[in-house]
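**Student:** Dropping in target06.pdb, with PDB, C-alpha atoms.
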ATOM      1  CA  MET A   1     -10.620   8.042  19.335
ATOM      2  CA  ARG A   2      -6.925   8.754  19.223
ATOM      3  CA  ALA A   3      -4.099   7.177  17.202
ATOM      4  CA  ALA A   4      -2.569   5.269  20.129
ATOM      5  CA  GLU A   5      -5.953   3.628  20.843
ATOM      6  CA  ILE A   6      -6.292   2.093  17.397
ATOM      7  CA  ASP A   7      -2.727   1.313  16.290
ATOM      8  CA  GLU A   8      -1.444  -2.243  16.007
ATOM      9  CA  GLU A   9       1.846  -4.089  16.344
ATOM     10  CA  PHE A  10       3.755  -4.351  13.095
ATOM     11  CA  PRO A  11       6.957  -6.024  11.889
ATOM     12  CA  VAL A  12      10.004  -3.912  12.662
ATOM     13  CA  VAL A  13      13.539  -4.209  11.331
ATOM     14  CA  ASP A  14      16.823  -2.588  12.249
ATOM     15  CA  VAL A  15      18.410  -0.134   9.793
ATOM     16  CA  ASP A  16      21.400  -2.504   9.551
ATOM     17  CA  THR A  17      19.218  -5.495   8.635
ATOM     18  CA  PRO A  18      20.227  -7.041   5.287
ATOM     19  CA  ALA A  19      17.907  -5.663   2.595
ATOM     20  CA  LEU A  20      17.304  -9.201   1.364
ATOM     21  CA  GLU A  21      15.964 -10.222   4.770
ATOM     22  CA  ALA A  22      13.536  -7.290   4.834
ATOM     23  CA  ALA A  23      12.350  -8.107   1.298
ATOM     24  CA  ARG A  24      11.874 -11.753   2.298
ATOM     25  CA  MET A  25       9.787 -10.731   5.338
ATOM     26  CA  LEU A  26       7.533  -8.625   3.125
ATOM     27  CA  ALA A  27       7.255 -11.403   0.551
ATOM     28  CA  GLU A  28       6.638 -14.351   2.848
ATOM     29  CA  HIS A  29       4.054 -12.618   5.034
ATOM     30  CA  SER A  30       2.431 -10.542   2.265
ATOM     31  CA  LEU A  31       3.088  -7.391   4.273
ATOM     32  CA  LEU A  32       2.197  -3.980   2.903
ATOM     33  CA  GLY A  33       5.225  -2.398   4.514
ATOM     34  CA  ILE A  34       7.824  -2.459   7.207
ATOM     35  CA  VAL A  35       9.046  -0.084   9.900
ATOM     36  CA  VAL A  36      12.790   0.590  10.183
ATOM     37  CA  LEU A  37      14.292   1.566  13.557
ATOM     38  CA  THR A  38      17.802   2.600  14.552
ATOM     39  CA  ALA A  39      19.783   0.428  16.981
ATOM     40  CA  ASP A  40      18.520   2.553  19.905
ATOM     41  CA  GLY A  41      14.867   2.256  18.896
ATOM     42  CA  GLN A  42      14.399   5.581  17.124
ATOM     43  CA  LEU A  43      12.235   5.669  13.990
ATOM     44  CA  TYR A  44      14.400   5.688  10.855
ATOM     45  CA  ALA A  45      11.918   5.010   8.055
ATOM     46  CA  VAL A  46       8.440   3.749   7.264
ATOM     47  CA  LEU A  47       8.731   1.701   4.093
ATOM     48  CA  PRO A  48       5.689   0.676   2.083
ATOM     49  CA  ALA A  49       6.385  -2.546   0.131
ATOM     50  CA  SER A  50       6.381  -0.501  -3.084
ATOM     51  CA  GLU A  51       9.380   1.438  -1.746
ATOM     52  CA  VAL A  52      11.238  -1.832  -1.167
ATOM     53  CA  VAL A  53      10.454  -2.729  -4.785
ATOM     54  CA  ARG A  54      12.270   0.525  -5.610
ATOM     55  CA  PHE A  55      15.464  -1.099  -4.287
ATOM     56  CA  ILE A  56      15.397  -3.652  -7.116
ATOM     57  CA  VAL A  57      14.715  -1.189  -9.937
ATOM     58  CA  PRO A  58      17.983   0.195 -11.322
ATOM     59  CA  SER A  59      18.172   3.991 -10.997
ATOM     60  CA  TYR A  60      18.552   4.498 -14.779
ATOM     61  CA  ILE A  61      15.148   2.825 -15.187
ATOM     62  CA  GLN A  62      13.589   4.968 -12.464
ATOM     63  CA  ASP A  63      14.802   7.978 -14.446
ATOM     64  CA  ASP A  64      13.519   6.587 -17.764
ATOM     65  CA  PRO A  65      10.855   3.864 -17.334
ATOM     66  CA  LEU A  66      10.886   3.080 -21.077
ATOM     67  CA  LEU A  67      14.299   1.455 -20.594
ATOM     68  CA  ALA A  68      12.602  -1.294 -18.551
ATOM     69  CA  SER A  69      11.246  -2.794 -21.767
ATOM     70  CA  VAL A  70      14.687  -3.340 -23.287
ATOM     71  CA  ILE A  71      16.067  -5.393 -20.389
ATOM     72  CA  ALA A  72      16.255  -9.117 -21.194
ATOM     73  CA  GLU A  73      13.722 -11.286 -19.365
ATOM     74  CA  SER A  74      16.475 -13.415 -17.813
ATOM     75  CA  VAL A  75      18.091 -10.310 -16.310
ATOM     76  CA  ALA A  76      14.740  -8.936 -15.117
ATOM     77  CA  ASP A  77      14.061 -12.236 -13.318
ATOM     78  CA  ARG A  78      17.247 -11.807 -11.290
ATOM     79  CA  ALA A  79      16.385  -8.270 -10.148
ATOM     80  CA  ALA A  80      16.613  -9.217  -6.478
ATOM     81  CA  GLU A  81      20.342  -9.909  -6.808
ATOM     82  CA  LYS A  82      20.683  -6.140  -6.526
ATOM     83  CA  LEU A  83      19.831  -6.511  -2.813
ATOM     84  CA  GLY A  84      22.570  -9.034  -2.061
ATOM     85  CA  GLY A  85      25.012  -8.035   0.684
ATOM     86  CA  LYS A  86      23.407  -4.608   1.236
ATOM     87  CA  THR A  87      21.737  -3.301   4.374
ATOM     88  CA  ILE A  88      18.559  -1.233   4.426
ATOM     89  CA  ARG A  89      20.646   1.811   5.393
ATOM     90  CA  GLU A  90      22.693   1.500   2.206
ATOM     91  CA  LEU A  91      19.600   1.378   0.021
ATOM     92  CA  LEU A  92      17.664   4.259   1.542
ATOM     93  CA  PRO A  93      18.228   7.741   0.155
ATOM     94  CA  GLN A  94      20.717   9.822   2.121
ATOM     95  CA  HIS A  95      18.277  12.680   2.511
ATOM     96  CA  GLN A  96      15.578  12.443   5.154
ATOM     97  CA  LEU A  97      12.369  10.986   3.768
ATOM     98  CA  THR A  98       9.088  12.604   4.732
ATOM     99  CA  MET A  99       7.786   9.920   7.009
ATOM    100  CA  PRO A 100       4.128   9.069   7.596
ATOM    101  CA  VAL A 101       4.154   9.628  11.356
ATOM    102  CA  ALA A 102       1.317  10.509  13.720
ATOM    103  CA  LYS A 103       1.336  11.511  17.358
ATOM    104  CA  ALA A 104      -0.303   9.248  19.948
ATOM    105  CA  ASP A 105      -3.149  11.716  20.532
ATOM    106  CA  ASP A 106      -3.897  12.522  16.876
ATOM    107  CA  THR A 107      -7.524  11.988  15.863
ATOM    108  CA  ILE A 108      -8.637   9.642  13.087
ATOM    109  CA  ILE A 109      -8.929  12.554  10.670
ATOM    110  CA  GLU A 110      -5.383  13.713  11.428
ATOM    111  CA  VAL A 111      -4.063  10.201  10.760
ATOM    112  CA  ALA A 112      -6.163   9.982   7.576
ATOM    113  CA  ALA A 113      -4.842  13.352   6.379
ATOM    114  CA  ILE A 114      -1.227  12.174   6.816
ATOM    115  CA  MET A 115      -1.981   8.924   4.980
ATOM    116  CA  VAL A 116      -3.605  10.729   2.070
ATOM    117  CA  ARG A 117      -1.012  13.488   1.764
ATOM    118  CA  LEU A 118       1.905  11.035   1.684
ATOM    119  CA  ARG A 119      -0.072   8.359  -0.218
ATOM    120  CA  SER A 120       1.130   5.854   2.347
ATOM    121  CA  PRO A 121      -0.672   2.585   3.171
ATOM    122  CA  LEU A 122       0.593   2.816   6.754
ATOM    123  CA  VAL A 123       1.282   5.470   9.384
ATOM    124  CA  ALA A 124       3.615   5.005  12.365
ATOM    125  CA  VAL A 125       2.302   6.219  15.724
ATOM    126  CA  MET A 126       4.910   7.696  18.083
ATOM    127  CA  LYS A 127       4.457   8.077  21.841
ATOM    128  CA  GLN A 128       7.122   9.732  23.994
ATOM    129  CA  GLY A 129       9.694   9.394  21.226
ATOM    130  CA  LYS A 130       9.151   5.662  20.716
ATOM    131  CA  LEU A 131       7.187   3.660  18.164
ATOM    132  CA  HIS A 132       3.827   2.805  19.725
ATOM    133  CA  GLY A 133       2.273   0.997  16.773
ATOM    134  CA  VAL A 134       1.185   1.296  13.161
ATOM    135  CA  ILE A 135      -2.155   2.166  11.570
ATOM    136  CA  THR A 136      -2.829   0.713   8.122
ATOM    137  CA  ALA A 137      -5.318   2.202   5.679
ATOM    138  CA  SER A 138      -7.618  -0.792   6.063
ATOM    139  CA  ARG A 139      -7.426  -0.551   9.877
ATOM    140  CA  LEU A 140      -8.315   3.124   9.690
ATOM    141  CA  LEU A 141     -11.319   2.341   7.489
ATOM    142  CA  ALA A 142     -12.401  -0.449   9.863
ATOM    143  CA  VAL A 143     -12.302   1.859  12.864
ATOM    144  CA  THR A 144     -14.085   4.681  11.060
ATOM    145  CA  LEU A 145     -16.797   2.355   9.810
ATOM    146  CA  SER A 146     -17.323   0.868  13.246
ATOM    147  CA  CYS A 147     -18.002   4.317  14.677
ATOM    148  CA  GLY A 148     -19.963   5.637  11.736
ATOM    149  CA  LEU A 149     -22.239   2.642  11.423
ATOM    150  CA  ILE A 150     -23.790   2.133  14.809
ATOM    151  CA  ASP A 151     -26.110  -0.536  13.433
ATOM    152  CA  ASN A 152     -23.130  -2.773  12.721
ATOM    153  CA  ARG A 153     -22.777  -4.584  16.056
ATOM    154  CA  GLN A 154     -19.781  -6.642  15.091
ATOM    155  CA  LEU A 155     -17.640  -3.658  14.241
ATOM    156  CA  LEU A 156     -19.081  -1.479  16.998
ATOM    157  CA  SER A 157     -17.037  -3.353  19.601
ATOM    158  CA  ASN A 158     -13.922  -1.630  18.224
ATOM    159  CA  CYS A 159     -15.433   1.779  18.729
ATOM    160  CA  GLY A 160     -14.680   4.199  21.565
ATOM    161  CA  HIS A 161     -17.338   5.045  24.174
ATOM    162  CA  ALA A 162     -18.067   8.404  22.543
ATOM    163  CA  ALA A 163     -20.047   6.723  19.765
ATOM    164  CA  ILE A 164     -21.923   4.363  22.084
ATOM    165  CA  VAL A 165     -23.307   7.174  24.236
TER     166      VAL A 165
ATOM    167  CA  MET B   1       8.678 -14.429 -16.372
ATOM    168  CA  ARG B   2       5.863 -12.249 -17.592
ATOM    169  CA  ALA B   3       3.147 -10.319 -15.740
ATOM    170  CA  ALA B   4       0.314 -12.695 -16.677
ATOM    171  CA  GLU B   5       2.286 -15.649 -15.252
ATOM    172  CA  ILE B   6       2.605 -14.167 -11.791
ATOM    173  CA  ASP B   7      -0.550 -12.132 -11.273
ATOM    174  CA  GLU B   8      -3.275 -13.199  -8.839
ATOM    175  CA  GLU B   9      -7.013 -12.856  -8.470
ATOM    176  CA  PHE B  10      -8.069  -9.807  -6.526
ATOM    177  CA  PRO B  11     -11.334  -8.354  -5.212
ATOM    178  CA  VAL B  12     -13.125  -6.361  -7.880
ATOM    179  CA  VAL B  13     -16.012  -3.922  -7.542
ATOM    180  CA  ASP B  14     -18.255  -2.178 -10.011
ATOM    181  CA  VAL B  15     -17.951   1.594 -10.454
ATOM    182  CA  ASP B  16     -21.558   1.921  -9.263
ATOM    183  CA  THR B  17     -20.898  -0.033  -6.054
ATOM    184  CA  PRO B  18     -21.747   2.001  -2.939
ATOM    185  CA  ALA B  19     -18.510   3.543  -1.606
ATOM    186  CA  LEU B  20     -19.406   2.280   1.868
ATOM    187  CA  GLU B  21     -19.473  -1.307   0.595
ATOM    188  CA  ALA B  22     -16.030  -0.945  -1.007
ATOM    189  CA  ALA B  23     -14.634   0.570   2.191
ATOM    190  CA  ARG B  24     -16.146  -2.263   4.221
ATOM    191  CA  MET B  25     -14.541  -4.883   1.908
ATOM    192  CA  LEU B  26     -11.147  -3.254   2.397
ATOM    193  CA  ALA B  27     -11.642  -3.012   6.151
ATOM    194  CA  GLU B  28     -13.000  -6.490   6.828
ATOM    195  CA  HIS B  29     -10.441  -8.339   4.702
ATOM    196  CA  SER B  30      -7.485  -6.028   5.446
ATOM    197  CA  LEU B  31      -7.013  -5.470   1.717
ATOM    198  CA  LEU B  32      -4.351  -3.111   0.413
ATOM    199  CA  GLY B  33      -6.560  -2.015  -2.449
ATOM    200  CA  ILE B  34      -9.406  -2.738  -4.774
ATOM    201  CA  VAL B  35      -9.925  -2.827  -8.528
ATOM    202  CA  VAL B  36     -12.877  -0.920 -10.013
ATOM    203  CA  LEU B  37     -14.441  -2.084 -13.290
ATOM    204  CA  THR B  38     -17.176  -0.604 -15.467
ATOM    205  CA  ALA B  39     -20.418  -2.536 -15.976
ATOM    206  CA  ASP B  40     -18.976  -4.088 -19.182
ATOM    207  CA  GLY B  41     -15.767  -5.240 -17.489
ATOM    208  CA  GLN B  42     -13.428  -2.437 -18.550
ATOM    209  CA  LEU B  43     -10.861  -1.204 -16.043
ATOM    210  CA  TYR B  44     -12.021   2.038 -14.422
ATOM    211  CA  ALA B  45      -9.606   2.512 -11.519
ATOM    212  CA  VAL B  46      -7.040   0.768  -9.347
ATOM    213  CA  LEU B  47      -7.553   2.088  -5.834
ATOM    214  CA  PRO B  48      -4.992   1.545  -3.099
ATOM    215  CA  ALA B  49      -6.675   1.551   0.342
ATOM    216  CA  SER B  50      -5.010   4.911   1.062
ATOM    217  CA  GLU B  51      -6.968   6.391  -1.866
ATOM    218  CA  VAL B  52     -10.213   5.119  -0.348
ATOM    219  CA  VAL B  53      -9.172   6.837   2.893
ATOM    220  CA  ARG B  54      -9.040   9.998   0.747
ATOM    221  CA  PHE B  55     -12.822   9.678   0.315
ATOM    222  CA  ILE B  56     -13.336  10.317   4.031
ATOM    223  CA  VAL B  57     -10.994  13.299   4.320
ATOM    224  CA  PRO B  58     -12.853  16.536   3.560
ATOM    225  CA  SER B  59     -11.284  18.382   0.620
ATOM    226  CA  TYR B  60     -10.570  21.510   2.704
ATOM    227  CA  ILE B  61      -8.343  19.336   4.912
ATOM    228  CA  GLN B  62      -6.598  17.807   1.911
ATOM    229  CA  ASP B  63      -5.801  21.380   0.846
ATOM    230  CA  ASP B  64      -4.614  22.393   4.326
ATOM    231  CA  PRO B  65      -3.702  19.407   6.547
ATOM    232  CA  LEU B  66      -3.286  21.656   9.608
ATOM    233  CA  LEU B  67      -7.062  22.036   9.680
ATOM    234  CA  ALA B  68      -7.351  18.348  10.638
ATOM    235  CA  SER B  69      -6.187  19.213  14.143
ATOM    236  CA  VAL B  70      -9.072  21.606  14.796
ATOM    237  CA  ILE B  71     -11.827  19.115  14.020
ATOM    238  CA  ALA B  72     -13.533  17.807  17.159
ATOM    239  CA  GLU B  73     -12.798  14.184  18.014
ATOM    240  CA  SER B  74     -16.481  13.245  17.903
ATOM    241  CA  VAL B  75     -16.752  14.586  14.332
ATOM    242  CA  ALA B  76     -13.479  12.888  13.284
ATOM    243  CA  ASP B  77     -14.825   9.560  14.565
ATOM    244  CA  ARG B  78     -17.796   9.845  12.218
ATOM    245  CA  ALA B  79     -15.685  10.503   9.113
ATOM    246  CA  ALA B  80     -17.106   7.497   7.282
ATOM    247  CA  GLU B  81     -20.539   9.131   7.185
ATOM    248  CA  LYS B  82     -19.124  11.062   4.234
ATOM    249  CA  LEU B  83     -19.384   7.844   2.192
ATOM    250  CA  GLY B  84     -23.094   7.276   2.897
ATOM    251  CA  GLY B  85     -25.308   7.005  -0.172
ATOM    252  CA  LYS B  86     -22.463   7.665  -2.615
ATOM    253  CA  THR B  87     -21.089   5.332  -5.276
ATOM    254  CA  ILE B  88     -17.415   4.896  -6.096
ATOM    255  CA  ARG B  89     -17.975   6.798  -9.353
ATOM    256  CA  GLU B  90     -19.210   9.865  -7.436
ATOM    257  CA  LEU B  91     -16.133   9.899  -5.218
ATOM    258  CA  LEU B  92     -13.457   9.445  -7.859
ATOM    259  CA  PRO B  93     -12.037  12.527  -9.536
ATOM    260  CA  GLN B  94     -13.625  13.357 -12.878
ATOM    261  CA  HIS B  95     -10.282  13.476 -14.666
ATOM    262  CA  GLN B  96      -8.650  10.208 -15.665
ATOM    263  CA  LEU B  97      -6.278   8.929 -12.996
ATOM    264  CA  THR B  98      -2.910   7.558 -14.069
ATOM    265  CA  MET B  99      -3.538   3.918 -13.409
ATOM    266  CA  PRO B 100      -0.938   1.345 -12.407
ATOM    267  CA  VAL B 101      -1.518  -1.009 -15.328
ATOM    268  CA  ALA B 102       0.819  -3.553 -16.935
ATOM    269  CA  LYS B 103       0.481  -5.592 -20.110
ATOM    270  CA  ALA B 104       0.262  -9.397 -19.885
ATOM    271  CA  ASP B 105       3.735  -9.838 -21.405
ATOM    272  CA  ASP B 106       5.537  -7.174 -19.353
ATOM    273  CA  THR B 107       8.620  -8.435 -17.503
ATOM    274  CA  ILE B 108       9.087  -8.219 -13.734
ATOM    275  CA  ILE B 109      11.229  -5.113 -14.105
ATOM    276  CA  GLU B 110       8.575  -3.379 -16.221
ATOM    277  CA  VAL B 111       5.940  -4.141 -13.559
ATOM    278  CA  ALA B 112       8.329  -2.986 -10.809
ATOM    279  CA  ALA B 113       9.039   0.264 -12.681
ATOM    280  CA  ILE B 114       5.288   1.030 -12.929
ATOM    281  CA  MET B 115       4.805   0.266  -9.231
ATOM    282  CA  VAL B 116       7.686   2.521  -8.209
ATOM    283  CA  ARG B 117       6.817   5.386 -10.527
ATOM    284  CA  LEU B 118       3.188   5.519  -9.364
ATOM    285  CA  ARG B 119       4.048   4.529  -5.762
ATOM    286  CA  SER B 120       1.268   1.962  -5.963
ATOM    287  CA  PRO B 121       1.113  -1.170  -3.801
ATOM    288  CA  LEU B 122      -0.640  -2.998  -6.637
ATOM    289  CA  VAL B 123      -0.572  -3.154 -10.443
ATOM    290  CA  ALA B 124      -3.440  -4.418 -12.612
ATOM    291  CA  VAL B 125      -2.464  -6.773 -15.455
ATOM    292  CA  MET B 126      -4.510  -6.456 -18.647
ATOM    293  CA  LYS B 127      -4.792  -9.121 -21.324
ATOM    294  CA  GLN B 128      -6.767  -8.518 -24.513
ATOM    295  CA  GLY B 129      -8.511  -5.525 -22.967
ATOM    296  CA  LYS B 130      -9.694  -7.403 -19.874
ATOM    297  CA  LEU B 131      -8.379  -7.567 -16.319
ATOM    298  CA  HIS B 132      -6.257 -10.712 -16.035
ATOM    299  CA  GLY B 133      -5.120 -10.282 -12.436
ATOM    300  CA  VAL B 134      -3.255  -8.083 -10.005
ATOM    301  CA  ILE B 135       0.370  -8.064  -8.829
ATOM    302  CA  THR B 136       1.011  -6.692  -5.334
ATOM    303  CA  ALA B 137       4.389  -5.351  -4.210
ATOM    304  CA  SER B 138       4.873  -8.290  -1.833
ATOM    305  CA  ARG B 139       3.980 -10.763  -4.611
ATOM    306  CA  LEU B 140       6.510  -9.109  -6.904
ATOM    307  CA  LEU B 141       9.193  -9.366  -4.221
ATOM    308  CA  ALA B 142       8.311 -13.029  -3.604
ATOM    309  CA  VAL B 143       8.638 -13.889  -7.286
ATOM    310  CA  THR B 144      11.892 -11.975  -7.688
ATOM    311  CA  LEU B 145      13.389 -13.588  -4.612
ATOM    312  CA  SER B 146      12.380 -17.055  -5.771
ATOM    313  CA  CYS B 147      14.231 -16.560  -9.039
ATOM    314  CA  GLY B 148      17.192 -14.702  -7.610
ATOM    315  CA  LEU B 149      17.835 -17.158  -4.797
ATOM    316  CA  ILE B 150      18.052 -20.571  -6.391
ATOM    317  CA  ASP B 151      19.116 -22.131  -3.084
ATOM    318  CA  ASN B 152      15.689 -21.382  -1.628
ATOM    319  CA  ARG B 153      13.770 -24.525  -2.666
ATOM    320  CA  GLN B 154      10.476 -23.477  -1.198
ATOM    321  CA  LEU B 155      10.252 -20.281  -3.185
ATOM    322  CA  LEU B 156      11.834 -21.775  -6.294
ATOM    323  CA  SER B 157       8.601 -23.590  -7.091
ATOM    324  CA  ASN B 158       7.071 -20.226  -8.014
ATOM    325  CA  CYS B 159       9.832 -19.532 -10.480
ATOM    326  CA  GLY B 160       9.595 -19.920 -14.261
ATOM    327  CA  HIS B 161      11.581 -22.575 -16.139
ATOM    328  CA  ALA B 162      14.089 -20.015 -17.406
ATOM    329  CA  ALA B 163      15.699 -19.824 -13.974
ATOM    330  CA  ILE B 164      15.761 -23.580 -13.446
ATOM    331  CA  VAL B 165      17.670 -24.269 -16.679
TER     332      VAL B 165
END
As structure tokens, please, write out the structure in this file.
**Tutor:**
Amino acid sequence: MRAAEIDEEFPVVDVDTPALEAARMLAEHSLLGIVVLTADGQLYAVLPASEVVRFIVPSYIQDDPLLASVIAESVADRAAEKLGGKTIRELLPQHQLTMPVAKADDTIIEVAAIMVRLRSPLVAVMKQGKLHGVITASRLLAVTLSCGLIDNRQLLSNCGHAAIV
Amino acid sequence: MRAAEIDEEFPVVDVDTPALEAARMLAEHSLLGIVVLTADGQLYAVLPASEVVRFIVPSYIQDDPLLASVIAESVADRAAEKLGGKTIRELLPQHQLTMPVAKADDTIIEVAAIMVRLRSPLVAVMKQGKLHGVITASRLLAVTLSCGLIDNRQLLSNCGHAAIV
């Protein structure tokens, strides 16, 4: 099986989307991440939810986590105010992030290797320069189990013909 | 608000659970991770789903990701066979992992700082030496947004009294 055969649709936002809107999407739908595209549909970033949490942690605390304990509870509760009026573009680092990206014809092991190396819960699958879909860690496990366990009929239906032969 | 006020129940497995069973739980319920306890209820590991994917990636590929591309598709599809007959304990590294763990009375910013530093989609909350619950990145965003945006009535109900006063 190849990446483009097992990927799924996933929520996508524009790089000029307000950061608050992206955070609200993650929160309301319990998403594990979000894909950020440019206005012309190019991949800009793959953001696990934990990276969006980074937006609300002041940089001086990222540099010295012990400082987090001296912030008053009332201030900590209003952490999301930091997102107000900012777009995703403004909050992402200027330098290019190493993005968890697979090619459409990558095998399961290639996708898994990318996921593990970048410790990312999701990998974007690109086909002819465009986002084709996303593979989450749990999706990858589901597909691998369905092929590895040929006695599991329910999961087998997901599996490519190679394992049925 | 404090960690123990916002954490949630989360699937838990024993360290001697078969790795295949843990992977199947993650796959079938689309979980973003799993908490591993010892037989006497002590925290042993907090495993994001991407760490469980690590179990199925041979170590020689983790050392040199380019090797993933030379593995035949039929072999890649059977990656989960690597989990067969092994327990979680056998697959985890011998050395102690740095675990994403918060104390019951940690503030939202302290939890967020742990999540960001360890790039973990979930943080375990401990109270009196026992697991009290888990806070996911999307849960943390939901709680922060509900307190930061007092015009959002629906989310406000999650928010502690400090923000209502």
**Student:** Please identify all polymer residues lying at most 10 Å from the point (15.5, 1.9, 16.6) (file coordinates), using all atoms listed in the file, and present the result as a list in words.
**Tutor:**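 Output of the proximity query reads Val12, Val13, Asp14, Val15, Val35, Val36, Leu37, Thr38, Ala39, Asp40, Gly41, Gln42, Leu43, Tyr44, Ala45, Lys130 and Leu131 of chain A.
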**Student:** Please write the residues picked by the ChimeraX specification (/B :<6) & /A on this file as a list of chain:residue names.
**Tutor:** A:Leu26, A:Ala27, A:Ser30, A:Ala49, A:Ser50, A:Arg54, A:Ala68, A:Ala76, A:Arg78, A:Ala80, A:Glu81, A:Ile108, A:Ile109, A:Glu110, A:Val116, A:Pro121, A:Ala137, A:Ser138, A:Leu141, A:Ala142, A:Thr144, A:Leu145, A:Gly148
**Student:** For the structure provided, state which residues fall under the PyMOL selection byres ((chain B and resi 8) around 10), and present them as number ranges by chain.
**Tutor:** B: 3-7, 9-10, 124-125, 132-136, 139
**Student:** Go through B:Thr98, B:Gly129, B:Glu90, B:Gly85 and flag the residue nearest Leu47 of chain B, using all atoms listed in the file for the distances.
**Tutor:**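 For Leu47 of chain B, the nearest of the candidates is B:Thr98.
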**Student:** What is the distance between atom CA of Ala104 of chain B and atom CA of Gln128 of chain B, in Å to one decimal?
**Tutor:** 8.5 Å
**Student:** For Met99 of chain A, which residue among A:Ile34, A:Met126, A:Val46, A:Ala19 is the nearest when counting all atoms listed in the file?
**Tutor:**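 Result for the nearest residue to Met99 of chain A: A:Val46.
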**Student:** Using atom CA of Arg89 of chain A and atom CA of Ala22 of chain A as the two end points, give the distance in Å to one decimal.
**Tutor:**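 Atom CA of Arg89 of chain A sits 11.6 Å away from atom CA of Ala22 of chain A.
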**Student:** Find the distance between atom CA of Lys86 of chain A and atom CA of Pro100 of chain A and write it in Å to one decimal.
**Tutor:**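 Taking atom CA of Lys86 of chain A and atom CA of Pro100 of chain A, their separation equals 24.5 Å.
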**Student:** Select, from B:Glu21, B:Tyr60, B:Lys103, B:Pro11, the residue with the minimum atom-to-atom distance to Thr87 of chain B, counting all atoms listed in the file.
**Tutor:** B:Glu21
